[in-house]
$ cat protein.pdb   # PDB, C-alpha atoms
ATOM      1  CA  MET A 245      50.561   2.831  31.152
ATOM      2  CA  ILE A 246      47.578   2.274  33.475
ATOM      3  CA  SER A 247      46.383   5.863  33.183
ATOM      4  CA  ASP A 248      46.849   5.660  29.426
ATOM      5  CA  SER A 249      44.734   2.554  29.147
ATOM      6  CA  LEU A 250      42.112   4.073  31.471
ATOM      7  CA  PHE A 251      42.050   7.198  29.354
ATOM      8  CA  ASN A 252      41.699   5.123  26.226
ATOM      9  CA  ARG A 253      38.931   3.104  27.810
ATOM     10  CA  SER A 254      36.963   6.173  28.866
ATOM     11  CA  ASN A 255      37.495   7.684  25.434
ATOM     12  CA  LEU A 256      36.158   4.526  23.903
ATOM     13  CA  SER A 257      33.100   4.575  26.143
ATOM     14  CA  ILE A 258      32.390   8.197  25.250
ATOM     15  CA  THR A 259      32.710   7.395  21.562
ATOM     16  CA  ALA A 260      30.465   4.364  21.935
ATOM     17  CA  LEU A 261      27.885   6.401  23.855
ATOM     18  CA  GLY A 262      28.043   9.138  21.254
ATOM     19  CA  LEU A 263      27.554   6.643  18.455
ATOM     20  CA  LEU A 264      24.626   5.039  20.254
ATOM     21  CA  ALA A 265      23.017   8.411  20.938
ATOM     22  CA  SER A 266      23.438   9.561  17.358
ATOM     23  CA  PHE A 267      22.066   6.220  16.140
ATOM     24  CA  PHE A 268      18.908   6.538  18.213
ATOM     25  CA  LEU A 269      18.461  10.234  17.535
ATOM     26  CA  GLY A 270      19.012   9.577  13.858
ATOM     27  CA  CYS A 271      16.417   6.838  13.897
ATOM     28  CA  ALA A 272      13.898   9.077  15.586
ATOM     29  CA  THR A 273      14.161  11.754  12.935
ATOM     30  CA  VAL A 274      14.704   9.674   9.779
ATOM     31  CA  ARG A 275      11.808  10.041   7.388
ATOM     32  CA  ASN A 276      10.703   7.650   4.742
ATOM     33  CA  PRO A 277       9.543   9.303   1.474
ATOM     34  CA  ALA A 278       7.252   6.387   0.539
ATOM     35  CA  LEU A 279       5.583   6.603   3.935
ATOM     36  CA  ASP A 280       5.221  10.394   3.599
ATOM     37  CA  ARG A 281       3.559   9.983   0.206
ATOM     38  CA  ALA A 282       1.202   7.338   1.603
ATOM     39  CA  ARG A 283       0.264   9.595   4.542
ATOM     40  CA  ASP A 284      -0.461  12.473   2.135
ATOM     41  CA  ALA A 285      -2.559  10.263  -0.136
ATOM     42  CA  TYR A 286      -4.597   8.997   2.816
ATOM     43  CA  GLU A 287      -5.077  12.472   4.314
ATOM     44  CA  THR A 288      -6.174  13.942   0.960
ATOM     45  CA  ALA A 289      -8.695  11.124   0.470
ATOM     46  CA  ARG A 290      -9.945  11.339   4.059
ATOM     47  CA  ARG A 291     -10.526  15.089   3.848
ATOM     48  CA  ASP A 292     -12.565  14.741   0.658
ATOM     49  CA  PRO A 293     -16.217  14.553   1.808
ATOM     50  CA  ALA A 294     -17.189  12.568  -1.291
ATOM     51  CA  VAL A 295     -14.594   9.913  -0.478
ATOM     52  CA  ALA A 296     -15.281   9.856   3.256
ATOM     53  CA  GLY A 297     -19.024   9.577   2.655
ATOM     54  CA  ARG A 298     -19.147   7.261  -0.335
ATOM     55  CA  ALA A 299     -16.032   5.066  -0.092
ATOM     56  CA  ALA A 300     -15.713   4.418   3.642
ATOM     57  CA  VAL A 301     -14.664   0.769   3.221
ATOM     58  CA  ALA A 302     -11.953   1.559   0.679
ATOM     59  CA  LEU A 303     -10.769   4.416   2.889
ATOM     60  CA  ASP A 304     -10.619   2.079   5.876
ATOM     61  CA  LYS A 305      -8.477  -0.366   3.914
ATOM     62  CA  THR A 306      -6.136   2.525   3.081
ATOM     63  CA  ARG A 307      -5.884   3.435   6.754
ATOM     64  CA  MET A 308      -5.112  -0.144   7.771
ATOM     65  CA  THR A 309      -2.360  -0.482   5.161
ATOM     66  CA  LEU A 310      -0.907   2.851   6.222
ATOM     67  CA  GLU A 311      -0.964   1.757   9.863
ATOM     68  CA  ARG A 312       0.904  -1.424   8.935
ATOM     69  CA  ALA A 313       3.536   0.673   7.164
ATOM     70  CA  GLU A 314       3.829   2.977  10.196
ATOM     71  CA  ARG A 315       4.242  -0.013  12.518
ATOM     72  CA  VAL A 316       6.946  -1.615  10.382
ATOM     73  CA  TRP A 317       8.766   1.714  10.146
ATOM     74  CA  ALA A 318       8.567   2.298  13.891
ATOM     75  CA  THR A 319       9.608  -1.179  14.970
ATOM     76  CA  GLU A 320      11.665  -2.877  12.269
ATOM     77  CA  LYS A 321      12.867  -0.016  10.062
ATOM     78  CA  ASP A 322      12.544  -2.401   7.139
ATOM     79  CA  VAL A 323      12.855   0.101   4.284
ATOM     80  CA  ASN A 324      11.818  -2.359   1.544
ATOM     81  CA  GLU A 325       8.696  -3.455   3.388
ATOM     82  CA  VAL A 326       7.757   0.138   4.288
ATOM     83  CA  GLU A 327       8.169   1.208   0.650
ATOM     84  CA  HIS A 328       6.027  -1.726  -0.417
ATOM     85  CA  LEU A 329       3.283  -0.984   2.114
ATOM     86  CA  GLY A 330       3.461   2.729   1.283
ATOM     87  CA  TYR A 331       2.892   1.900  -2.379
ATOM     88  CA  LEU A 332      -0.074  -0.309  -1.484
ATOM     89  CA  ALA A 333      -1.561   2.437   0.712
ATOM     90  CA  GLU A 334      -1.226   4.975  -2.116
ATOM     91  CA  LYS A 335      -2.992   2.621  -4.520
ATOM     92  CA  ARG A 336      -5.700   1.961  -1.930
ATOM     93  CA  ALA A 337      -6.253   5.720  -1.558
ATOM     94  CA  GLU A 338      -6.647   5.924  -5.332
ATOM     95  CA  ILE A 339      -9.171   3.049  -5.220
ATOM     96  CA  ALA A 340     -11.124   5.021  -2.589
ATOM     97  CA  ARG A 341     -11.186   8.117  -4.824
ATOM     98  CA  VAL A 342     -12.303   6.115  -7.883
ATOM     99  CA  THR A 343     -14.961   4.297  -5.831
ATOM    100  CA  ALA A 344     -16.318   7.650  -4.638
ATOM    101  CA  ARG A 345     -16.483   8.813  -8.275
ATOM    102  CA  GLN A 346     -18.403   5.681  -9.210
ATOM    103  CA  ARG A 347     -20.862   6.153  -6.327
ATOM    104  CA  LEU A 348     -21.416   9.799  -7.313
ATOM    105  CA  ALA A 349     -22.337   8.702 -10.828
ATOM    106  CA  ALA A 350     -24.593   5.959  -9.406
ATOM    107  CA  ASP A 351     -26.366   8.558  -7.230
ATOM    108  CA  GLU A 352     -26.848  10.736 -10.295
ATOM    109  CA  ILE A 353     -28.469   7.781 -12.086
ATOM    110  CA  LEU A 354     -30.854   7.280  -9.165
ATOM    111  CA  GLU A 355     -31.726  10.962  -9.300
ATOM    112  CA  LEU A 356     -32.235  11.074 -13.076
ATOM    113  CA  ARG A 357     -34.184   7.853 -13.530
ATOM    114  CA  PRO A 358     -37.560   9.166 -12.210
ATOM    115  CA  GLN A 359     -37.215  12.248 -14.425
ATOM    116  CA  ARG A 360     -37.032  10.082 -17.540
ATOM    117  CA  GLU A 361     -40.099   8.051 -16.627
TER     118      GLU A 361
ATOM    119  CA  MET B  22      28.477  -5.598  41.408
ATOM    120  CA  GLY B  23      29.809  -8.483  39.428
ATOM    121  CA  THR B  24      28.471  -9.691  36.146
ATOM    122  CA  ILE B  25      28.715 -12.992  34.453
ATOM    123  CA  CYS B  26      31.439 -11.558  32.288
ATOM    124  CA  ASP B  27      33.714 -10.726  35.220
ATOM    125  CA  THR B  28      36.804 -12.802  35.555
ATOM    126  CA  LYS B  29      38.037 -13.214  39.078
ATOM    127  CA  PRO B  30      41.586 -14.132  39.947
ATOM    128  CA  GLY B  31      40.505 -17.414  41.526
ATOM    129  CA  MET B  32      38.486 -18.550  38.564
ATOM    130  CA  ILE B  33      39.847 -20.761  35.862
ATOM    131  CA  PRO B  34      40.309 -18.575  32.807
ATOM    132  CA  ARG B  35      38.804 -19.694  29.534
ATOM    133  CA  PRO B  36      41.254 -20.927  26.970
ATOM    134  CA  LYS B  37      42.219 -17.840  25.024
ATOM    135  CA  ALA B  38      42.224 -19.622  21.681
ATOM    136  CA  LEU B  39      38.496 -20.355  21.990
ATOM    137  CA  ARG B  40      37.453 -16.734  22.178
ATOM    138  CA  PRO B  41      37.879 -15.718  18.545
ATOM    139  CA  ILE B  42      36.490 -19.066  17.471
ATOM    140  CA  SER B  43      33.375 -18.586  19.576
ATOM    141  CA  VAL B  44      32.917 -15.098  18.131
ATOM    142  CA  ILE B  45      33.219 -16.474  14.618
ATOM    143  CA  THR B  46      30.884 -19.350  15.469
ATOM    144  CA  CYS B  47      28.295 -16.964  16.894
ATOM    145  CA  SER B  48      28.530 -14.779  13.807
ATOM    146  CA  ILE B  49      28.082 -17.769  11.530
ATOM    147  CA  ILE B  50      25.070 -18.938  13.529
ATOM    148  CA  LEU B  51      23.565 -15.435  13.421
ATOM    149  CA  VAL B  52      24.093 -15.086   9.676
ATOM    150  CA  ALA B  53      22.707 -18.588   9.163
ATOM    151  CA  PHE B  54      19.614 -17.679  11.190
ATOM    152  CA  GLN B  55      19.179 -14.486   9.217
ATOM    153  CA  THR B  56      19.595 -16.213   5.874
ATOM    154  CA  THR B  57      17.438 -19.211   6.655
ATOM    155  CA  GLY B  58      14.921 -16.868   8.253
ATOM    156  CA  CYS B  59      14.555 -15.125   4.899
ATOM    157  CA  SER B  60      14.640 -18.167   2.696
ATOM    158  CA  THR B  61      12.239 -20.236   4.780
ATOM    159  CA  THR B  62       9.489 -17.599   4.576
ATOM    160  CA  LYS B  63       6.383 -19.458   3.535
ATOM    161  CA  PRO B  64       5.555 -19.481  -0.192
ATOM    162  CA  PRO B  65       2.858 -16.810  -0.688
ATOM    163  CA  THR B  66       0.407 -19.156  -2.394
ATOM    164  CA  GLU B  67      -2.621 -17.481  -0.821
ATOM    165  CA  ALA B  68      -1.562 -13.982  -1.894
ATOM    166  CA  LEU B  69      -0.884 -15.276  -5.382
ATOM    167  CA  SER B  70      -4.282 -16.980  -5.761
ATOM    168  CA  ARG B  71      -6.017 -13.879  -4.376
ATOM    169  CA  ALA B  72      -4.243 -11.728  -6.955
ATOM    170  CA  GLU B  73      -5.145 -14.143  -9.755
ATOM    171  CA  LEU B  74      -8.788 -14.144  -8.721
ATOM    172  CA  THR B  75      -8.930 -10.335  -8.515
ATOM    173  CA  LEU B  76      -7.317 -10.078 -11.947
ATOM    174  CA  ARG B  77      -9.963 -12.380 -13.388
ATOM    175  CA  THR B  78     -12.735 -10.336 -11.745
ATOM    176  CA  ALA B  79     -11.206  -7.138 -13.132
ATOM    177  CA  ALA B  80     -11.080  -8.619 -16.635
ATOM    178  CA  GLU B  81     -14.748  -9.626 -16.301
ATOM    179  CA  ALA B  82     -15.543  -6.037 -15.271
ATOM    180  CA  ARG B  83     -14.197  -4.888 -18.692
ATOM    181  CA  ALA B  84     -10.966  -3.529 -17.227
ATOM    182  CA  ASP B  85      -9.147  -4.728 -20.383
ATOM    183  CA  GLU B  86     -11.071  -2.125 -22.334
ATOM    184  CA  LEU B  87     -11.680   0.571 -19.685
ATOM    185  CA  ALA B  88      -8.509   0.503 -17.538
ATOM    186  CA  PRO B  89      -5.954  -1.251 -19.776
ATOM    187  CA  MET B  90      -2.832   0.317 -18.252
ATOM    188  CA  ASP B  91      -3.695  -0.673 -14.684
ATOM    189  CA  LEU B  92      -4.678  -4.183 -15.703
ATOM    190  CA  GLN B  93      -1.477  -4.570 -17.696
ATOM    191  CA  ARG B  94       0.571  -3.450 -14.694
ATOM    192  CA  ALA B  95      -1.270  -5.962 -12.510
ATOM    193  CA  ARG B  96      -0.587  -8.756 -15.025
ATOM    194  CA  GLU B  97       3.117  -7.896 -15.156
ATOM    195  CA  LYS B  98       3.331  -7.974 -11.355
ATOM    196  CA  LEU B  99       1.542 -11.317 -11.251
ATOM    197  CA  GLU B 100       3.968 -12.756 -13.788
ATOM    198  CA  GLY B 101       6.874 -11.365 -11.774
ATOM    199  CA  SER B 102       5.429 -12.923  -8.639
ATOM    200  CA  LYS B 103       5.179 -16.337 -10.295
ATOM    201  CA  LYS B 104       8.781 -16.105 -11.497
ATOM    202  CA  ALA B 105      10.006 -15.061  -8.042
ATOM    203  CA  MET B 106       8.037 -17.924  -6.531
ATOM    204  CA  ALA B 107       9.645 -20.423  -8.913
ATOM    205  CA  ALA B 108      13.066 -19.033  -7.994
ATOM    206  CA  GLY B 109      12.318 -19.480  -4.288
ATOM    207  CA  LYS B 110      12.293 -15.707  -3.649
ATOM    208  CA  TYR B 111       9.170 -15.830  -1.517
ATOM    209  CA  GLU B 112       9.431 -12.356  -0.011
ATOM    210  CA  GLU B 113       9.654 -10.794  -3.466
ATOM    211  CA  ALA B 114       6.867 -13.076  -4.709
ATOM    212  CA  ARG B 115       4.591 -11.975  -1.858
ATOM    213  CA  ARG B 116       5.217  -8.291  -2.484
ATOM    214  CA  LEU B 117       4.615  -8.632  -6.218
ATOM    215  CA  ALA B 118       1.431 -10.638  -5.623
ATOM    216  CA  GLU B 119       0.127  -7.973  -3.220
ATOM    217  CA  MET B 120       0.953  -5.250  -5.751
ATOM    218  CA  ALA B 121      -0.804  -7.214  -8.518
ATOM    219  CA  GLN B 122      -3.813  -7.594  -6.230
ATOM    220  CA  VAL B 123      -4.144  -3.881  -5.444
ATOM    221  CA  GLU B 124      -3.528  -2.859  -9.072
ATOM    222  CA  ALA B 125      -6.181  -5.308 -10.283
ATOM    223  CA  GLU B 126      -8.590  -3.867  -7.681
ATOM    224  CA  LEU B 127      -7.816  -0.386  -8.985
ATOM    225  CA  ALA B 128      -8.386  -1.512 -12.584
ATOM    226  CA  GLU B 129     -11.727  -3.003 -11.603
ATOM    227  CA  ALA B 130     -12.757   0.135  -9.695
ATOM    228  CA  LYS B 131     -11.819   2.303 -12.690
ATOM    229  CA  ALA B 132     -13.779   0.077 -15.068
ATOM    230  CA  ASP B 133     -16.835   0.163 -12.768
ATOM    231  CA  ALA B 134     -16.572   3.944 -12.435
ATOM    232  CA  GLU B 135     -16.322   4.356 -16.197
ATOM    233  CA  ILE B 136     -19.321   2.087 -16.860
ATOM    234  CA  THR B 137     -21.432   4.003 -14.305
ATOM    235  CA  ARG B 138     -20.259   7.370 -15.644
ATOM    236  CA  ARG B 139     -21.244   6.386 -19.193
ATOM    237  CA  ALA B 140     -24.634   5.216 -17.936
ATOM    238  CA  ALA B 141     -25.131   8.488 -16.059
ATOM    239  CA  ASP B 142     -24.089  10.499 -19.151
ATOM    240  CA  GLY B 143     -26.530   8.546 -21.326
ATOM    241  CA  LEU B 144     -29.353   9.026 -18.866
ATOM    242  CA  ARG B 145     -28.599  12.738 -18.506
ATOM    243  CA  GLN B 146     -28.683  13.186 -22.279
ATOM    244  CA  ALA B 147     -31.976  11.273 -22.478
ATOM    245  CA  VAL B 148     -33.495  13.411 -19.713
ATOM    246  CA  ASP B 149     -32.230  16.612 -21.387
ATOM    247  CA  ALA B 150     -33.671  15.529 -24.725
ATOM    248  CA  LEU B 151     -36.993  14.712 -23.071
ATOM    249  CA  ARG B 152     -37.019  18.081 -21.331
ATOM    250  CA  GLN B 153     -36.264  19.948 -24.560
ATOM    251  CA  GLU B 154     -39.007  18.005 -26.333
ATOM    252  CA  MET B 155     -41.461  18.907 -23.607
ATOM    253  CA  GLU B 156     -40.447  22.555 -23.744
ATOM    254  CA  ARG B 157     -40.858  22.597 -27.536
ATOM    255  CA  GLY B 158     -44.266  20.959 -27.135
ATOM    256  CA  LEU B 159     -45.271  23.573 -24.583
ATOM    257  CA  VAL B 160     -44.050  26.397 -26.823
ATOM    258  CA  ARG B 161     -45.932  24.944 -29.778
ATOM    259  CA  GLY B 162     -49.004  24.551 -27.627
ATOM    260  CA  THR B 163     -48.927  28.193 -26.510
ATOM    261  CA  SER B 164     -47.715  29.776 -29.789
ATOM    262  CA  PRO B 165     -50.172  32.035 -31.719
ATOM    263  CA  GLY B 166     -50.099  29.683 -34.733
ATOM    264  CA  ALA B 167     -51.085  26.786 -32.580
ATOM    265  CA  SER B 168     -53.965  28.692 -30.982
ATOM    266  CA  LYS B 169     -55.400  29.580 -34.450
ATOM    267  CA  GLU B 170     -55.589  25.916 -35.427
TER     268      GLU B 170
END
$ encode --input "protein.pdb" --output "structure tokens"
Amino acid sequence: MISDSLFNRSNLSITALGLLASFFLGCATVRNPALDRARDAYETARRDPAVAGRAAVALDKTRMTLERAERVWATEKDVNEVEHLGYLAEKRAEIARVTARQRLAADEILELRPQRE
Amino acid sequence: MGTICDTKPGMIPRPKALRPISVITCSIILVAFQTTGCSTTKPPTEALSRAELTLRTAAEARADELAPMDLQRAREKLEGSKKAMAAGKYEEARRLAEMAQVEAELAEAKADAEITRRAADGLRQAVDALRQEMERGLVRGTSPGASKE
């Protein structure tokens, strides 16, 4: 009886340890698609010289939102909040791209204006 | 090494009947904390007013005409946020307000970009026309017919 209960207890501990290990390992490797998309959007915008040079503020806002998403994912694993922040970061990256487009056109205006006069 | 959970033979054992009750009590307290933690999140009034203000700015920047889809999306999110707020779903209201805010910013940026692009296109056409006119004038000035006159 005693050996049986001991055996059961050790079995239980092994199972518990295994579950814990798999839980932590699983957490370390779990990816979040919304976060991946946000990272891609930020990286694409950051690598574009027009965006980096002409929409630095908008790009910085994208980075900060992405960092918030990364933090929430790393600490709380709150999927809903990470998806939300990922969406915001993607939109912010788009704002940075559009802002860069606007600044390019504004630069063209500055360049053309003396030619007309 | 003993822990606080160890029961020694000399110690007075806890009444057995209390154990499941205390577990249930703890669970109830935990769930209550969790639930009240969610429901007592502050109403996102600031996020909502920010989103409203950005939407107004976007509309003033002609986003209705130049980025209608984005502005419409922002308006829908703002409406959703207000409804969630009225229903006491503050977390949902905050998220929707933040989405409305960023979508309104995007609509405004698109409208600004479109206005500047149109201005640049107009200026480019004017400069091209001026250049062509000058070239024609130069050609006329140097053509044999022009030299005879």
$ resolve_selection --input "protein.pdb" --expression "the PyMOL selection byres ((chain B) within 10 of (chain A))" --output "ChimeraX atom specification"
/B:112,116-117,119-124,126-145,147-152
$ resolve_selection --input "protein.pdb" --expression "the PyMOL selection byres ((chain A and resi 309) around 8)" --output "JSON, numbers by chain"
{"A": [305, 306, 307, 308, 310, 311, 312, 313, 329, 330, 332, 333]}
$ write_last_selection --input "protein.pdb" --atoms "C-alpha atoms" --output "compact mmCIF listing (two decimals), in the frame of the given file"
# COMPACT_ATOMS: atom_id res chain seq x y z
CA LYS A 305 -8.48 -0.37 3.91
CA THR A 306 -6.14 2.52 3.08
CA ARG A 307 -5.88 3.44 6.75
CA MET A 308 -5.11 -0.14 7.77
CA LEU A 310 -0.91 2.85 6.22
CA GLU A 311 -0.96 1.76 9.86
CA ARG A 312 0.90 -1.42 8.94
CA ALA A 313 3.54 0.67 7.16
CA LEU A 329 3.28 -0.98 2.11
CA GLY A 330 3.46 2.73 1.28
CA LEU A 332 -0.07 -0.31 -1.48
CA ALA A 333 -1.56 2.44 0.71
$ resolve_selection --input "protein.pdb" --expression "the PyMOL selection byres ((chain B and resi 79) around 8)" --output "number ranges by chain"
B: 75-78, 80-85, 92, 125-126, 128-129, 132
$ residues_around --input "protein.pdb" --residues "Gly101 of chain B" --least-positions-apart "4" --cutoff "9 Å" --atoms "only C-alpha atoms" --output "list in words"
Arg96, Glu97, Ala105, Met106, Glu113, Ala114, Leu117 and Ala118 of chain B
$ atom_distance --input "protein.pdb" --atom1 "atom CA of Asp322 of chain A" --atom2 "atom CA of Glu67 of chain B"
22.8 Å
$ atom_distance --input "protein.pdb" --atom1 "atom CA of Arg290 of chain A" --atom2 "atom CA of Arg315 of chain A"
20.0 Å
$ atom_distance --input "protein.pdb" --atom1 "atom CA of Thr66 of chain B" --atom2 "atom CA of Arg115 of chain B"
8.3 Å
$ axis_aligned_box --input "protein.pdb" --around "segment 145-155 of chain B" --padding-each-side "3 Å" --output "AutoDock Vina command-line options"
--center_x -35.0 --center_y 15.6 --center_z -22.4 --size_x 18.9 --size_y 14.7 --size_z 13.8
$ closest_residue --input "protein.pdb" --among "B:Pro89, B:Arg161, B:Lys104, B:Tyr111" --to "Ala68 of chain B" --atoms "only C-alpha atoms"
B:Tyr111
$ decode --input "protein.pdb" --residues "segment 67-92 of chain B" --atoms "N, CA and C atoms" --output "PDB file, in the first residue's frame"
ATOM      1  N   GLU B  67     -11.690  59.588 -21.888  1.00  0.00           N
ATOM      2  CA  GLU B  67     -10.625  60.348 -22.546  1.00  0.00           C
ATOM      3  C   GLU B  67     -10.371  59.815 -23.956  1.00  0.00           C
ATOM      4  N   ALA B  68     -10.279  58.483 -24.059  1.00  0.00           N
ATOM      5  CA  ALA B  68     -10.036  57.855 -25.367  1.00  0.00           C
ATOM      6  C   ALA B  68     -11.179  58.177 -26.323  1.00  0.00           C
ATOM      7  N   LEU B  69     -12.377  58.181 -25.794  1.00  0.00           N
ATOM      8  CA  LEU B  69     -13.556  58.458 -26.611  1.00  0.00           C
ATOM      9  C   LEU B  69     -13.560  59.911 -27.104  1.00  0.00           C
ATOM     10  N   SER B  70     -13.241  60.855 -26.214  1.00  0.00           N
ATOM     11  CA  SER B  70     -13.235  62.264 -26.661  1.00  0.00           C
ATOM     12  C   SER B  70     -12.097  62.509 -27.645  1.00  0.00           C
ATOM     13  N   ARG B  71     -10.959  61.824 -27.416  1.00  0.00           N
ATOM     14  CA  ARG B  71      -9.836  61.977 -28.366  1.00  0.00           C
ATOM     15  C   ARG B  71     -10.254  61.500 -29.755  1.00  0.00           C
ATOM     16  N   ALA B  72     -10.927  60.357 -29.783  1.00  0.00           N
ATOM     17  CA  ALA B  72     -11.365  59.781 -31.060  1.00  0.00           C
ATOM     18  C   ALA B  72     -12.366  60.704 -31.740  1.00  0.00           C
ATOM     19  N   GLU B  73     -13.277  61.266 -30.968  1.00  0.00           N
ATOM     20  CA  GLU B  73     -14.279  62.185 -31.525  1.00  0.00           C
ATOM     21  C   GLU B  73     -13.623  63.411 -32.139  1.00  0.00           C
ATOM     22  N   LEU B  74     -12.638  63.939 -31.415  1.00  0.00           N
ATOM     23  CA  LEU B  74     -11.926  65.132 -31.874  1.00  0.00           C
ATOM     24  C   LEU B  74     -11.162  64.833 -33.169  1.00  0.00           C
ATOM     25  N   THR B  75     -10.486  63.675 -33.198  1.00  0.00           N
ATOM     26  CA  THR B  75      -9.714  63.312 -34.398  1.00  0.00           C
ATOM     27  C   THR B  75     -10.636  63.104 -35.594  1.00  0.00           C
ATOM     28  N   LEU B  76     -11.814  62.530 -35.326  1.00  0.00           N
ATOM     29  CA  LEU B  76     -12.789  62.331 -36.404  1.00  0.00           C
ATOM     30  C   LEU B  76     -13.248  63.667 -36.980  1.00  0.00           C
ATOM     31  N   ARG B  77     -13.462  64.627 -36.086  1.00  0.00           N
ATOM     32  CA  ARG B  77     -13.887  65.959 -36.538  1.00  0.00           C
ATOM     33  C   ARG B  77     -12.788  66.608 -37.382  1.00  0.00           C
ATOM     34  N   THR B  78     -11.533  66.467 -36.899  1.00  0.00           N
ATOM     35  CA  THR B  78     -10.399  67.045 -37.639  1.00  0.00           C
ATOM     36  C   THR B  78     -10.285  66.390 -39.018  1.00  0.00           C
ATOM     37  N   ALA B  79     -10.494  65.079 -39.055  1.00  0.00           N
ATOM     38  CA  ALA B  79     -10.403  64.351 -40.328  1.00  0.00           C
ATOM     39  C   ALA B  79     -11.487  64.819 -41.293  1.00  0.00           C
ATOM     40  N   ALA B  80     -12.695  65.049 -40.758  1.00  0.00           N
ATOM     41  CA  ALA B  80     -13.790  65.519 -41.610  1.00  0.00           C
ATOM     42  C   ALA B  80     -13.474  66.912 -42.146  1.00  0.00           C
ATOM     43  N   GLU B  81     -12.851  67.756 -41.309  1.00  0.00           N
ATOM     44  CA  GLU B  81     -12.464  69.098 -41.742  1.00  0.00           C
ATOM     45  C   GLU B  81     -11.371  69.047 -42.810  1.00  0.00           C
ATOM     46  N   ALA B  82     -10.566  67.968 -42.768  1.00  0.00           N
ATOM     47  CA  ALA B  82      -9.480  67.820 -43.750  1.00  0.00           C
ATOM     48  C   ALA B  82      -9.997  67.153 -45.039  1.00  0.00           C
ATOM     49  N   ARG B  83     -11.292  67.159 -45.244  1.00  0.00           N
ATOM     50  CA  ARG B  83     -11.963  66.617 -46.439  1.00  0.00           C
ATOM     51  C   ARG B  83     -11.833  65.101 -46.572  1.00  0.00           C
ATOM     52  N   ALA B  84     -11.714  64.424 -45.428  1.00  0.00           N
ATOM     53  CA  ALA B  84     -11.600  62.961 -45.474  1.00  0.00           C
ATOM     54  C   ALA B  84     -12.893  62.303 -45.959  1.00  0.00           C
ATOM     55  N   ASP B  85     -14.038  63.003 -45.754  1.00  0.00           N
ATOM     56  CA  ASP B  85     -15.329  62.492 -46.235  1.00  0.00           C
ATOM     57  C   ASP B  85     -15.282  62.245 -47.739  1.00  0.00           C
ATOM     58  N   GLU B  86     -14.585  63.167 -48.419  1.00  0.00           N
ATOM     59  CA  GLU B  86     -14.540  63.123 -49.877  1.00  0.00           C
ATOM     60  C   GLU B  86     -13.310  62.329 -50.362  1.00  0.00           C
ATOM     61  N   LEU B  87     -12.186  62.448 -49.633  1.00  0.00           N
ATOM     62  CA  LEU B  87     -10.926  61.889 -50.139  1.00  0.00           C
ATOM     63  C   LEU B  87     -10.523  60.547 -49.514  1.00  0.00           C
ATOM     64  N   ALA B  88     -11.071  60.210 -48.364  1.00  0.00           N
ATOM     65  CA  ALA B  88     -10.789  58.895 -47.754  1.00  0.00           C
ATOM     66  C   ALA B  88     -12.074  58.381 -47.097  1.00  0.00           C
ATOM     67  N   PRO B  89     -13.150  58.240 -47.913  1.00  0.00           N
ATOM     68  CA  PRO B  89     -14.463  57.937 -47.310  1.00  0.00           C
ATOM     69  C   PRO B  89     -14.524  56.604 -46.568  1.00  0.00           C
ATOM     70  N   MET B  90     -13.837  55.598 -47.108  1.00  0.00           N
ATOM     71  CA  MET B  90     -13.900  54.260 -46.481  1.00  0.00           C
ATOM     72  C   MET B  90     -13.290  54.278 -45.072  1.00  0.00           C
ATOM     73  N   ASP B  91     -12.124  54.903 -44.969  1.00  0.00           N
ATOM     74  CA  ASP B  91     -11.438  54.948 -43.665  1.00  0.00           C
ATOM     75  C   ASP B  91     -12.236  55.761 -42.647  1.00  0.00           C
ATOM     76  N   LEU B  92     -12.814  56.867 -43.121  1.00  0.00           N
ATOM     77  CA  LEU B  92     -13.592  57.700 -42.212  1.00  0.00           C
ATOM     78  C   LEU B  92     -14.856  56.968 -41.761  1.00  0.00           C
TER      79      LEU B  92
END
